[in-house]
>>> print(open('input33.cif').read())   # mmCIF, C-alpha atoms and all ligand atoms
data_protein
loop_
_atom_site.label_atom_id
_atom_site.label_comp_id
_atom_site.auth_asym_id
_atom_site.auth_seq_id
_atom_site.Cartn_x
_atom_site.Cartn_y
_atom_site.Cartn_z
CA HIS B 26 65.71 142.12 173.61
CA GLY B 27 61.97 141.86 173.04
CA PHE B 28 62.65 139.92 169.86
CA MET B 29 65.07 137.56 171.63
CA ARG B 30 62.65 137.04 174.51
CA VAL B 31 59.89 135.89 172.18
CA ALA B 32 62.35 133.76 170.20
CA VAL B 33 63.77 132.07 173.33
CA ARG B 34 60.29 131.33 174.73
CA ARG B 35 59.09 129.96 171.44
CA ALA B 36 62.18 127.77 171.03
CA ALA B 37 61.74 126.48 174.59
CA ARG B 38 58.11 125.56 173.90
CA ARG B 39 59.23 123.66 170.84
CA GLY B 40 61.53 121.61 173.04
CA ASP B 41 64.79 123.39 172.19
CA ARG B 42 67.45 121.92 174.48
CA LEU B 43 69.54 125.11 174.66
CA ALA B 44 66.75 127.66 175.22
CA ALA B 45 66.39 126.47 178.84
CA PHE B 46 69.84 127.89 179.54
CA PHE B 47 68.42 131.39 179.13
CA HIS B 48 65.29 131.14 181.23
CA ASP B 49 65.18 128.07 183.51
CA PRO B 50 65.68 129.25 187.13
CA ALA B 51 66.97 125.79 188.20
CA ILE B 52 69.74 125.97 185.59
CA ARG B 53 70.59 129.48 186.71
CA ALA B 54 70.82 128.33 190.33
CA ASP B 55 73.22 125.50 189.40
CA PRO B 56 74.26 125.41 185.74
CA TYR B 57 76.89 122.67 186.12
CA PRO B 58 74.69 119.57 185.56
CA PHE B 59 73.30 121.31 182.47
CA TYR B 60 76.81 121.85 181.07
CA ASP B 61 77.57 118.17 181.67
CA ARG B 62 74.50 117.25 179.62
CA VAL B 63 75.51 119.63 176.80
CA ARG B 64 79.03 118.17 176.80
CA ALA B 65 77.70 114.61 176.77
CA ALA B 66 75.44 115.47 173.81
CA GLY B 67 78.45 116.32 171.62
CA PRO B 68 81.32 118.70 170.96
CA VAL B 69 78.86 121.23 169.53
CA VAL B 70 75.14 121.16 170.25
CA ARG B 71 72.73 122.64 167.75
CA GLY B 72 69.68 124.54 169.03
CA GLN B 73 67.05 126.44 167.06
CA LEU B 74 68.62 129.84 167.74
CA MET B 75 72.27 129.04 168.18
CA LEU B 76 74.95 126.43 168.67
CA ALA B 77 76.76 125.88 171.96
CA THR B 78 79.70 124.02 173.39
CA ALA B 79 80.69 123.04 176.92
CA ARG B 80 83.91 121.39 175.77
CA HIS B 81 87.19 123.08 176.61
CA ASP B 82 89.00 122.37 173.33
CA VAL B 83 86.07 123.47 171.17
CA ALA B 84 85.28 126.62 173.19
CA SER B 85 88.93 127.57 173.12
CA ALA B 86 89.17 127.00 169.33
CA VAL B 87 86.06 129.12 168.66
CA LEU B 88 87.37 132.01 170.79
CA ARG B 89 90.72 131.97 168.97
CA SER B 90 89.40 131.46 165.45
CA ASP B 91 89.32 134.37 163.01
CA ALA B 92 86.36 132.74 161.28
CA PHE B 93 84.31 134.14 164.17
CA GLY B 94 83.61 137.70 165.24
CA VAL B 95 81.65 139.49 167.92
CA GLY B 96 78.45 141.46 167.69
CA VAL B 97 75.62 141.33 165.24
CA SER B 98 76.36 142.15 161.65
CA GLU B 99 73.36 144.24 160.56
CA ARG B 100 73.93 143.35 156.93
CA ARG B 101 73.07 139.73 157.68
CA LEU B 102 69.79 140.42 159.47
CA PRO B 103 66.44 140.12 157.67
CA ALA B 104 65.34 143.63 156.55
CA GLY B 105 62.56 144.01 159.19
CA VAL B 106 64.79 142.95 162.07
CA ALA B 107 67.60 145.22 160.84
CA LEU B 108 65.18 148.16 160.86
CA LEU B 109 64.12 147.41 164.46
CA PHE B 110 67.76 147.07 165.36
CA ARG B 111 68.60 150.50 163.92
CA LEU B 112 65.61 152.10 165.62
CA SER B 113 66.58 150.66 168.99
CA ARG B 114 70.13 151.95 168.43
CA ARG B 115 68.68 155.44 167.94
CA THR B 116 66.52 155.39 171.03
CA SER B 117 68.69 153.36 173.45
CA PRO B 118 71.69 154.75 175.30
CA ILE B 119 75.04 153.28 174.24
CA GLY B 120 76.02 150.80 176.93
CA PRO B 121 79.30 149.09 177.82
CA VAL B 122 78.37 146.10 175.66
CA ASP B 123 77.10 148.02 172.63
CA PRO B 124 79.27 149.06 169.70
CA PRO B 125 81.65 150.86 169.64
CA SER B 126 82.68 149.15 172.92
CA MET B 127 85.79 147.08 172.12
CA LEU B 128 84.08 144.01 173.59
CA VAL B 129 81.68 143.86 170.64
CA VAL B 130 83.71 145.13 167.68
CA ASP B 131 86.06 143.14 165.45
CA PRO B 132 89.54 144.09 164.31
CA PRO B 133 90.75 146.47 162.96
CA ASP B 134 88.59 148.84 165.10
CA HIS B 135 88.98 146.51 168.06
CA THR B 136 92.77 146.64 167.82
CA ARG B 137 92.75 150.43 167.82
CA TYR B 138 90.46 150.80 170.86
CA ARG B 139 92.29 148.17 172.85
CA ARG B 140 95.73 149.62 172.10
CA LEU B 141 94.66 153.00 173.51
CA VAL B 142 94.19 151.58 177.00
CA ALA B 143 96.20 148.34 177.07
CA LYS B 144 99.38 149.82 178.57
CA VAL B 145 97.66 150.66 181.83
CA PHE B 146 96.55 147.03 182.34
CA THR B 147 99.71 145.01 181.60
CA ALA B 148 100.77 142.57 184.36
CA ARG B 149 103.77 144.81 185.10
CA ALA B 150 101.78 148.04 185.36
CA ILE B 151 99.17 146.32 187.54
CA GLU B 152 101.82 144.86 189.90
CA GLY B 153 102.74 148.50 190.60
CA LEU B 154 99.27 148.96 192.12
CA ARG B 155 99.91 146.32 194.82
CA PRO B 156 100.60 148.77 197.69
CA ARG B 157 97.59 150.89 196.76
CA ILE B 158 95.29 147.84 196.65
CA GLU B 159 96.63 146.61 200.00
CA GLN B 160 95.93 150.02 201.49
CA THR B 161 92.39 149.99 200.06
CA CYS B 162 91.71 146.53 201.54
CA ASP B 163 93.13 147.67 204.85
CA GLU B 164 90.72 150.61 204.94
CA LEU B 165 87.73 148.56 203.82
CA LEU B 166 88.42 145.89 206.46
CA ARG B 167 88.65 148.28 209.39
CA ASP B 168 85.04 147.51 210.30
CA ALA B 169 84.08 143.83 210.36
CA PRO B 170 81.85 143.06 207.37
CA ALA B 171 78.29 141.91 208.12
CA GLU B 172 77.21 141.32 204.53
CA LEU B 173 80.30 140.49 202.53
CA ILE B 174 79.15 141.67 199.08
CA ALA B 175 78.01 145.20 199.93
CA ASP B 176 80.54 145.73 202.74
CA TYR B 177 83.62 144.47 200.91
CA ALA B 178 83.47 142.42 197.67
CA ALA B 179 81.66 145.14 195.70
CA LEU B 180 83.61 148.05 197.17
CA LEU B 181 87.16 146.85 196.51
CA PRO B 182 86.90 146.58 192.67
CA VAL B 183 84.94 149.81 192.22
CA THR B 184 87.40 151.70 194.43
CA VAL B 185 90.39 150.41 192.44
CA ILE B 186 88.92 151.02 188.97
CA ALA B 187 87.66 154.47 190.00
CA ASP B 188 91.25 155.24 191.07
CA ILE B 189 92.67 154.12 187.74
CA LEU B 190 90.08 155.96 185.67
CA GLY B 191 90.04 159.07 187.83
CA VAL B 192 86.38 158.82 188.82
CA PRO B 193 85.81 160.57 192.18
CA GLN B 194 85.48 158.11 195.05
CA GLU B 195 82.23 159.69 196.24
CA MET B 196 80.67 158.34 193.01
CA ARG B 197 81.42 154.70 193.94
CA ARG B 198 78.07 153.79 195.45
CA GLN B 199 76.21 155.58 192.70
CA PHE B 200 78.10 153.58 190.07
CA LEU B 201 77.43 150.36 191.96
CA ALA B 202 73.71 151.14 191.88
CA TRP B 203 73.71 152.01 188.16
CA GLY B 204 75.86 148.94 187.47
CA ALA B 205 73.47 146.65 189.36
CA ALA B 206 70.58 148.00 187.27
CA ALA B 207 72.54 147.58 184.03
CA ALA B 208 74.15 144.16 184.68
CA PRO B 209 71.33 142.02 183.16
CA THR B 210 72.03 143.70 179.80
CA LEU B 211 74.42 140.80 179.10
CA ASP B 212 71.57 138.29 179.33
CA ILE B 213 69.15 137.60 176.52
CA GLY B 214 65.40 137.24 176.79
CA LEU B 215 64.91 139.89 179.50
CA SER B 216 61.46 140.99 180.58
CA PHE B 217 60.43 144.44 179.35
CA ARG B 218 60.59 145.81 182.87
CA THR B 219 64.14 144.55 183.50
CA TYR B 220 65.18 145.83 180.09
CA ARG B 221 63.87 149.32 180.91
CA ARG B 222 65.74 149.24 184.21
CA THR B 223 69.03 148.35 182.48
CA GLU B 224 68.48 151.26 180.06
CA ARG B 225 67.85 153.70 182.91
CA GLY B 226 71.04 152.58 184.67
CA ILE B 227 73.11 152.96 181.49
CA LYS B 228 71.58 156.34 180.68
CA ALA B 229 72.23 157.77 184.14
CA SER B 230 75.82 156.59 184.05
CA ASN B 231 76.31 158.02 180.52
CA ASP B 232 74.89 161.40 181.58
CA TRP B 233 77.35 161.59 184.44
CA LEU B 234 80.27 160.49 182.25
CA ARG B 235 79.45 163.14 179.61
CA GLY B 236 79.59 165.84 182.28
CA HIS B 237 82.81 164.36 183.59
CA PHE B 238 84.42 164.43 180.11
CA ALA B 239 83.48 168.10 179.82
CA ARG B 240 85.18 168.79 183.16
CA LEU B 241 88.30 166.87 182.07
CA ARG B 242 88.43 168.78 178.77
CA ALA B 243 88.66 171.99 180.77
CA GLN B 244 90.83 170.62 183.55
CA PRO B 245 92.63 167.32 182.90
CA GLY B 246 93.94 165.17 185.74
CA ASN B 247 96.65 162.51 185.74
CA ASP B 248 94.33 159.58 185.06
CA LEU B 249 93.27 157.28 182.23
CA LEU B 250 90.06 159.11 181.29
CA SER B 251 91.90 162.44 181.11
CA ARG B 252 94.37 160.83 178.73
CA LEU B 253 91.57 159.40 176.57
CA VAL B 254 89.84 162.78 176.40
CA HIS B 255 93.06 164.52 175.36
CA LEU B 256 94.45 162.02 172.83
CA GLU B 257 96.72 163.59 170.23
CA GLY B 258 96.08 162.61 166.63
CA GLU B 259 93.58 159.75 166.91
CA GLN B 260 90.87 161.44 168.92
CA LEU B 261 87.91 159.40 170.10
CA GLY B 262 84.39 160.52 169.18
CA ASP B 263 81.75 160.98 171.90
CA ASP B 264 80.27 157.49 171.43
CA GLU B 265 83.71 155.90 171.44
CA LEU B 266 84.66 157.69 174.64
CA LEU B 267 81.41 156.73 176.36
CA ALA B 268 81.63 153.08 175.30
CA THR B 269 85.28 152.78 176.33
CA ALA B 270 84.89 154.48 179.69
CA GLY B 271 81.61 152.64 180.38
CA LEU B 272 83.17 149.27 179.54
CA LEU B 273 86.27 149.82 181.67
CA LEU B 274 84.17 150.92 184.62
CA ALA B 275 81.56 148.19 184.35
CA ALA B 276 84.06 145.41 183.54
CA GLY B 277 86.19 146.71 186.39
CA PHE B 278 83.54 146.18 189.06
CA GLU B 279 80.77 143.89 187.77
CA THR B 280 82.95 140.79 187.49
CA THR B 281 85.62 140.91 190.20
CA VAL B 282 82.89 141.25 192.84
CA ASN B 283 81.82 137.73 191.83
CA LEU B 284 85.34 136.35 192.12
CA LEU B 285 85.67 137.81 195.62
CA GLY B 286 82.19 136.70 196.74
CA SER B 287 82.30 133.19 195.28
CA GLY B 288 85.94 132.75 196.34
CA ALA B 289 85.19 133.73 199.95
CA ALA B 290 82.13 131.47 200.00
CA LEU B 291 84.22 128.53 198.71
CA LEU B 292 86.89 129.01 201.37
CA MET B 293 84.30 129.29 204.15
CA ARG B 294 82.81 126.02 202.89
CA HIS B 295 86.25 124.35 202.69
CA PRO B 296 88.08 125.30 205.91
CA GLU B 297 90.79 122.66 205.27
CA GLN B 298 91.78 124.48 202.06
CA LEU B 299 91.89 127.78 203.92
CA GLU B 300 94.20 126.15 206.49
CA LEU B 301 96.48 125.09 203.68
CA LEU B 302 96.65 128.66 202.37
CA ARG B 303 97.47 129.91 205.86
CA ALA B 304 100.35 127.45 206.10
CA GLU B 305 101.57 128.09 202.54
CA PRO B 306 100.57 131.64 201.52
CA GLN B 307 102.56 131.36 198.28
CA ARG B 308 99.63 129.22 197.11
CA TRP B 309 97.21 132.19 196.98
CA PRO B 310 97.62 133.00 193.26
CA GLY B 311 96.97 129.32 192.41
CA ALA B 312 93.94 129.31 194.70
CA VAL B 313 92.50 132.32 192.86
CA GLU B 314 92.87 130.44 189.54
CA GLU B 315 90.96 127.50 191.03
CA MET B 316 88.17 129.83 192.22
CA LEU B 317 87.94 131.31 188.72
CA ARG B 318 87.79 127.80 187.25
CA TYR B 319 85.37 126.34 189.75
CA ASP B 320 82.70 129.06 189.62
CA SER B 321 83.39 131.35 186.68
CA PRO B 322 82.22 134.96 187.25
CA VAL B 323 81.36 135.15 183.52
CA GLN B 324 79.57 131.94 182.54
CA SER B 325 79.26 132.30 178.79
CA THR B 326 79.95 134.48 175.81
CA ALA B 327 78.96 134.39 172.13
CA ARG B 328 80.62 134.51 168.73
CA VAL B 329 79.11 135.08 165.30
CA CYS B 330 80.39 133.06 162.37
CA ARG B 331 81.87 135.31 159.65
CA ARG B 332 82.86 132.63 157.11
CA GLU B 333 81.96 128.96 156.80
CA THR B 334 84.13 126.85 159.05
CA GLU B 335 84.19 123.59 160.97
CA VAL B 336 84.32 123.30 164.75
CA GLY B 337 84.12 120.07 166.69
CA GLY B 338 83.24 118.25 163.48
CA VAL B 339 80.23 120.51 162.80
CA THR B 340 79.95 122.93 159.88
CA VAL B 341 79.06 126.44 160.97
CA ARG B 342 77.72 128.94 158.44
CA PRO B 343 78.07 132.72 158.29
CA GLY B 344 75.63 134.49 160.61
CA GLN B 345 75.24 131.50 162.97
CA VAL B 346 75.91 132.16 166.64
CA VAL B 347 78.06 129.83 168.75
CA VAL B 348 77.96 130.09 172.54
CA PRO B 349 81.17 128.98 174.28
CA MET B 350 79.94 128.00 177.77
CA LEU B 351 82.98 129.15 179.72
CA GLY B 352 81.69 127.76 183.03
CA GLY B 353 81.12 124.41 181.28
CA ALA B 354 84.55 124.33 179.60
CA ASN B 355 86.05 124.85 183.06
CA ARG B 356 84.45 121.59 184.23
CA ASP B 357 85.57 119.52 181.22
CA PRO B 358 87.02 116.26 182.62
CA ALA B 359 89.26 115.96 179.54
CA VAL B 360 91.29 118.88 180.91
CA PHE B 361 90.56 118.99 184.66
CA ALA B 362 90.69 115.75 186.62
CA ASP B 363 87.78 115.41 189.02
CA PRO B 364 86.38 118.77 187.79
CA ALA B 365 83.61 119.12 190.41
CA THR B 366 86.18 119.09 193.24
CA PHE B 367 87.43 122.44 194.52
CA ASP B 368 91.18 122.01 195.04
CA VAL B 369 93.39 125.06 195.59
CA THR B 370 96.48 122.94 194.79
CA ARG B 371 95.23 121.92 191.32
CA ALA B 372 98.27 122.24 189.06
CA ASN B 373 96.55 123.30 185.83
CA ALA B 374 93.70 125.46 187.20
CA ARG B 375 95.06 128.39 185.16
CA GLU B 376 93.91 126.68 181.96
CA HIS B 377 90.34 127.84 182.75
CA LEU B 378 88.54 129.97 180.16
CA SER B 379 87.03 132.40 182.67
CA PHE B 380 88.87 135.29 181.02
CA SER B 381 87.87 134.06 177.54
CA GLY B 382 90.55 133.71 174.84
CA GLY B 383 91.76 135.13 171.54
CA VAL B 384 91.76 138.85 170.78
CA HIS B 385 89.07 139.66 173.38
CA TYR B 386 90.93 137.93 176.22
CA CYS B 387 90.08 139.93 179.34
CA LEU B 388 92.03 143.17 179.38
CA GLY B 389 91.68 143.34 183.17
CA ALA B 390 92.85 139.77 183.93
CA ALA B 391 96.03 140.86 185.76
CA LEU B 392 94.06 143.39 187.79
CA ALA B 393 91.32 140.89 188.65
CA ARG B 394 93.93 138.31 189.71
CA LEU B 395 95.73 140.79 191.95
CA GLU B 396 92.50 142.03 193.54
CA GLY B 397 91.45 138.42 194.10
CA GLU B 398 94.74 137.47 195.70
CA ILE B 399 95.17 140.52 197.95
CA GLY B 400 91.46 140.98 198.64
CA LEU B 401 90.87 137.42 199.83
CA ARG B 402 94.19 136.92 201.63
CA MET B 403 93.71 140.10 203.66
CA LEU B 404 90.05 139.32 204.36
CA PHE B 405 90.92 135.97 205.97
CA GLU B 406 94.03 137.34 207.71
CA ARG B 407 92.02 140.11 209.31
CA HIS B 408 89.00 137.94 210.10
CA PRO B 409 90.28 134.37 210.58
CA GLY B 410 86.96 133.18 212.01
CA LEU B 411 84.87 134.45 209.09
CA ARG B 412 81.84 132.27 208.41
CA THR B 413 78.45 132.57 206.73
CA ASN B 414 75.64 133.71 208.93
CA GLY B 415 72.20 133.31 207.43
CA ALA B 416 70.72 132.75 204.01
CA THR B 417 72.87 133.58 201.00
CA LYS B 418 71.37 134.77 197.74
CA ARG B 419 72.69 134.50 194.19
CA ARG B 420 72.57 137.38 191.69
CA PRO B 421 69.60 137.13 189.31
CA THR B 422 71.84 137.34 186.21
CA ARG B 423 72.81 134.41 183.97
CA VAL B 424 75.98 135.46 182.18
CA LEU B 425 77.36 137.00 185.37
CA ARG B 426 77.42 134.48 188.22
CA GLY B 427 78.01 135.38 191.84
CA TYR B 428 76.36 136.29 195.12
CA GLU B 429 74.04 139.19 195.74
CA LEU B 430 73.90 138.57 199.50
CA LEU B 431 76.51 136.80 201.61
CA PRO B 432 75.78 137.48 205.30
CA VAL B 433 78.81 136.72 207.47
CA THR B 434 79.99 136.86 211.05
CA THR B 435 83.57 137.18 212.24
C1 LIG W 1 86.80 141.11 178.54
C2 LIG W 1 86.07 138.18 182.32
C3 LIG W 1 87.74 141.60 185.34
C4 LIG W 1 88.15 144.62 181.60
C5 LIG W 1 86.48 140.03 179.31
C6 LIG W 1 85.99 138.77 178.80
C7 LIG W 1 85.76 137.95 179.86
C8 LIG W 1 86.13 138.68 181.04
C9 LIG W 1 85.22 136.53 179.85
C10 LIG W 1 85.82 138.45 177.31
C11 LIG W 1 84.43 138.18 176.85
C12 LIG W 1 84.43 137.64 175.46
O1 LIG W 1 85.42 137.04 174.99
O2 LIG W 1 83.39 137.77 174.78
C13 LIG W 1 86.46 138.86 183.46
C14 LIG W 1 86.46 138.29 184.78
C15 LIG W 1 86.95 139.24 185.63
C16 LIG W 1 87.24 140.42 184.83
C17 LIG W 1 86.02 136.87 185.12
C18 LIG W 1 87.15 139.21 187.12
C19 LIG W 1 87.29 138.14 187.83
C20 LIG W 1 88.02 142.70 184.59
C21 LIG W 1 88.57 143.92 185.12
C22 LIG W 1 88.66 144.78 184.09
C23 LIG W 1 88.21 144.09 182.88
C24 LIG W 1 88.96 144.19 186.57
C25 LIG W 1 89.18 146.19 184.23
C26 LIG W 1 89.58 146.96 183.34
C27 LIG W 1 87.79 143.93 180.46
C28 LIG W 1 87.75 144.53 179.15
C29 LIG W 1 87.36 143.52 178.26
C30 LIG W 1 87.17 142.32 179.06
C31 LIG W 1 88.06 145.97 178.79
C32 LIG W 1 87.18 143.63 176.74
C33 LIG W 1 88.44 143.17 176.08
C34 LIG W 1 88.34 143.11 174.58
O3 LIG W 1 87.23 143.05 174.03
O4 LIG W 1 89.41 143.13 173.93
N1 LIG W 1 86.57 139.94 180.68
N2 LIG W 1 86.92 140.14 183.53
N3 LIG W 1 87.84 142.82 183.23
N4 LIG W 1 87.45 142.60 180.39
FE1 LIG W 1 87.31 141.35 181.94
#
>>> encode(input="input33.cif", output="structure tokens", more="lines below")
Ligand code: HEM
Amino acid sequence: HGFMRVAVRRAARRGDRLAAFFHDPAIRADPYPFYDRVRAAGPVVRGQLMLATARHDVASAVLRSDAFGVGVSERRLPAGVALLFRLSRRTSPIGPVDPPSMLVVDPPDHTRYRRLVAKVFTARAIEGLRPRIEQTCDELLRDAPAELIADYAALLPVTVIADILGVPQEMRRQFLAWGAAAAPTLDIGLSFRTYRRTERGIKASNDWLRGHFARLRAQPGNDLLSRLVHLEGEQLGDDELLATAGLLLAAGFETTVNLLGSGAALLMRHPEQLELLRAEPQRWPGAVEEMLRYDSPVQSTARVCRRETEVGGVTVRPGQVVVPMLGGANRDPAVFADPATFDVTRANAREHLSFSGGVHYCLGAALARLEGEIGLRMLFERHPGLRTNGATKRRPTRVLRGYELLPVTT
């Protein structure tokens, strides 16, 4: 991170047009005009550190191409940087976005990790959770929320994923706190202080998970983590278990909170669209797709070129990094007419790239969609007069986009 911070600053000073994406607070506050500029500059824009695209067709092609992989290949790093990399691996705790987390490993390892947990997250299996999610929303909405993120949007996803994984519910708030500390780990160019805080959050969560695995080894429950601990045949090593459990937990609650927060904020700002959903509740799933498109909870990802290939008419060489700007692809006028308009009846909203694409397509997409649909429908049913009440505040992260504070009154 230290290396990337220096590199991003230096590139920005040299007038790099992409570096601003990683440190300019104005772009963080509203990245959409920036994406429009990137898209206007070409299908693929070349910066000093990486290439990027805000076009839907190009982003989609990169995500689906097997010429690209995820994660840094140490073999391709200059010797000095590779040494630093290995040292930091030794001293840093393994987080949800470090190898061997499936998010940052290529097939065939990726295929193996994903297969171990995929069954629990299929659309069919997730639909079976509907009554349980409705009951959770019902309980969480008993008291009127005063600050929508802490009182509702953050609690629903962590409660549901803790249920699935078998993490005790009394740990929810603790995991939210560790998760908030660790969330900036997805961003590059962090300050040393923020970086240390992310490490502390990850370490505390890992320590708890290790103890939990030991308990499950002695006394398994009927939950996903118990099954992972007791796999027959293809047992997972300690690092693999930690990375998998950490990823499922963090992905389970760090992203859906943003869908719920941004979605609620959009509906409070567009009461006519909320009216439409009241009159035609069958439109809720489509409305959730439009929320995902309009303000993507995950704004960008990255792929590393593994063999020379061409994307958007540009040759990309092995080792080069391409950033598909998911939030930018979702506003591409070639795919979405009038892209800056929020329209819950938009017919092709589901073509958004908010869940990425290709082999790393979000494993939790069905769960996120169901939580979005039930969570928001029940929120506005229970509190029809819900409106913002005071200053809202965005999260300080760049890859993850959503609200940190959303004060409301009912
Ligand atoms: C992967 C978005 C909710 C689990 C991803 C990726 C994105 C994403 C963009 C792929 C990143 C890439 O291609 O580099 C979202 C959004 C969500 C959400 C926007 C909510 C609105 C969830 C939930 C879970 C989850 C609830 C719960 C299990 C995962 C996992 C991966 C993943 C395990 C890694 C998949 C792989 O590498 O094969 N998600 N996610 N996500 N997501 Fe989600």
>>> closest_residue(input="input33.cif", among="B:Thr417, B:Gln298, B:Thr435, B:Gln345", to="Arg371 (chain B)", atoms="all atoms listed in the file")
B:Gln298
>>> closest_atom_pairs(input="input33.cif", of="region 160-277 of chain B", to="region 44-67 of chain B", cutoff="12 Å", atoms="all atoms listed in the file", output="JSON lines")
{"residue": "B:Pro209", "atom": "CA", "partner": "B:Phe47", "partner_atom": "CA", "distance": 11.7}
{"residue": "B:Leu211", "atom": "CA", "partner": "B:Phe47", "partner_atom": "CA", "distance": 11.2}
{"residue": "B:Asp212", "atom": "CA", "partner": "B:Phe47", "partner_atom": "CA", "distance": 7.6}
{"residue": "B:Ile213", "atom": "CA", "partner": "B:Phe47", "partner_atom": "CA", "distance": 6.8}
{"residue": "B:Gly214", "atom": "CA", "partner": "B:Phe47", "partner_atom": "CA", "distance": 7.0}
{"residue": "B:Leu215", "atom": "CA", "partner": "B:His48", "partner_atom": "CA", "distance": 8.9}
{"residue": "B:Ser216", "atom": "CA", "partner": "B:His48", "partner_atom": "CA", "distance": 10.6}
>>> axis_aligned_box(input="input33.cif", around="region 390-398 of chain B", padding_each_side="5 Å", output="JSON")
{"center_x": 93.7, "center_y": 140.4, "center_z": 189.8, "size_x": 14.7, "size_y": 15.9, "size_z": 21.8}
>>> residues_near_ligand(input="input33.cif", ligand="ligand LIG 1 (chain W)", cutoff="8 Å", atoms="all atoms listed in the file", output="PyMOL selection string")
chain B and resi 88+95+126-130+135-136+139+146+182+186+269+272-285+317+321-328+351+378-394+397
>>> closest_atom_pairs(input="input33.cif", of="region 67-167 of chain B", to="region 222-230 of chain B", cutoff="7 Å", atoms="only C-alpha atoms", output="tab-separated table")
residue	atom	partner	partner_atom	distance
B:Ser117	CA	B:Glu224	CA	6.9
B:Pro118	CA	B:Lys228	CA	5.6
B:Gly120	CA	B:Ile227	CA	5.8
>>> write_last_selection(input="input33.cif", atoms="C-alpha atoms", output="CSV table (one decimal), keeping the file's coordinate frame")
chain,number,residue,atom,x,y,z
B,117,SER,CA,68.7,153.4,173.4
B,118,PRO,CA,71.7,154.8,175.3
B,120,GLY,CA,76.0,150.8,176.9
>>> closest_residue(input="input33.cif", among="B:Glu335, B:Arg402, B:Ala92, B:Leu241", to="Glu300 (chain B)", atoms="only C-alpha atoms")
B:Arg402
>>> residues_around(input="input33.cif", residues="Gly311 (chain B)", least_positions_apart="6", cutoff="12 Å", atoms="all atoms listed in the file", output="list in words")
Gln298, Leu302, Glu305, Leu317, Arg318, Phe367, Asp368, Val369, Thr370, Arg371, Ala372, Asn373, Ala374, Arg375, Glu376, His377, Arg394, Leu395, Gly397 and Glu398 of chain B
>>> atom_distance(input="input33.cif", atom1="CA of Arg137 (chain B)", atom2="CA of Ala270 (chain B)")
14.8 Å
>>> closest_residue(input="input33.cif", among="B:Val142, B:Val70, B:Val433, B:Ala36", to="Ala169 (chain B)", atoms="only C-alpha atoms")
B:Val433
>>> atom_distance(input="input33.cif", atom1="CA of Pro132 (chain B)", atom2="CA of Arg332 (chain B)")
15.1 Å
>>> closest_residue(input="input33.cif", among="B:Ser287, B:Asp131, B:Met403, B:Leu249", to="Lys144 (chain B)", atoms="all atoms listed in the file")
B:Leu249
>>> atom_distance(input="input33.cif", atom1="CA of Gly262 (chain B)", atom2="CA of Gly96 (chain B)")
20.0 Å
>>> closest_residue(input="input33.cif", among="B:Gly40, B:Gln73, B:Asp82, B:Val122", to="Gly337 (chain B)", atoms="only C-alpha atoms")
B:Asp82
>>> closest_residue(input="input33.cif", among="B:Ala202, B:Leu74, B:Val183, B:Leu173", to="Gly344 (chain B)", atoms="only C-alpha atoms")
B:Leu74
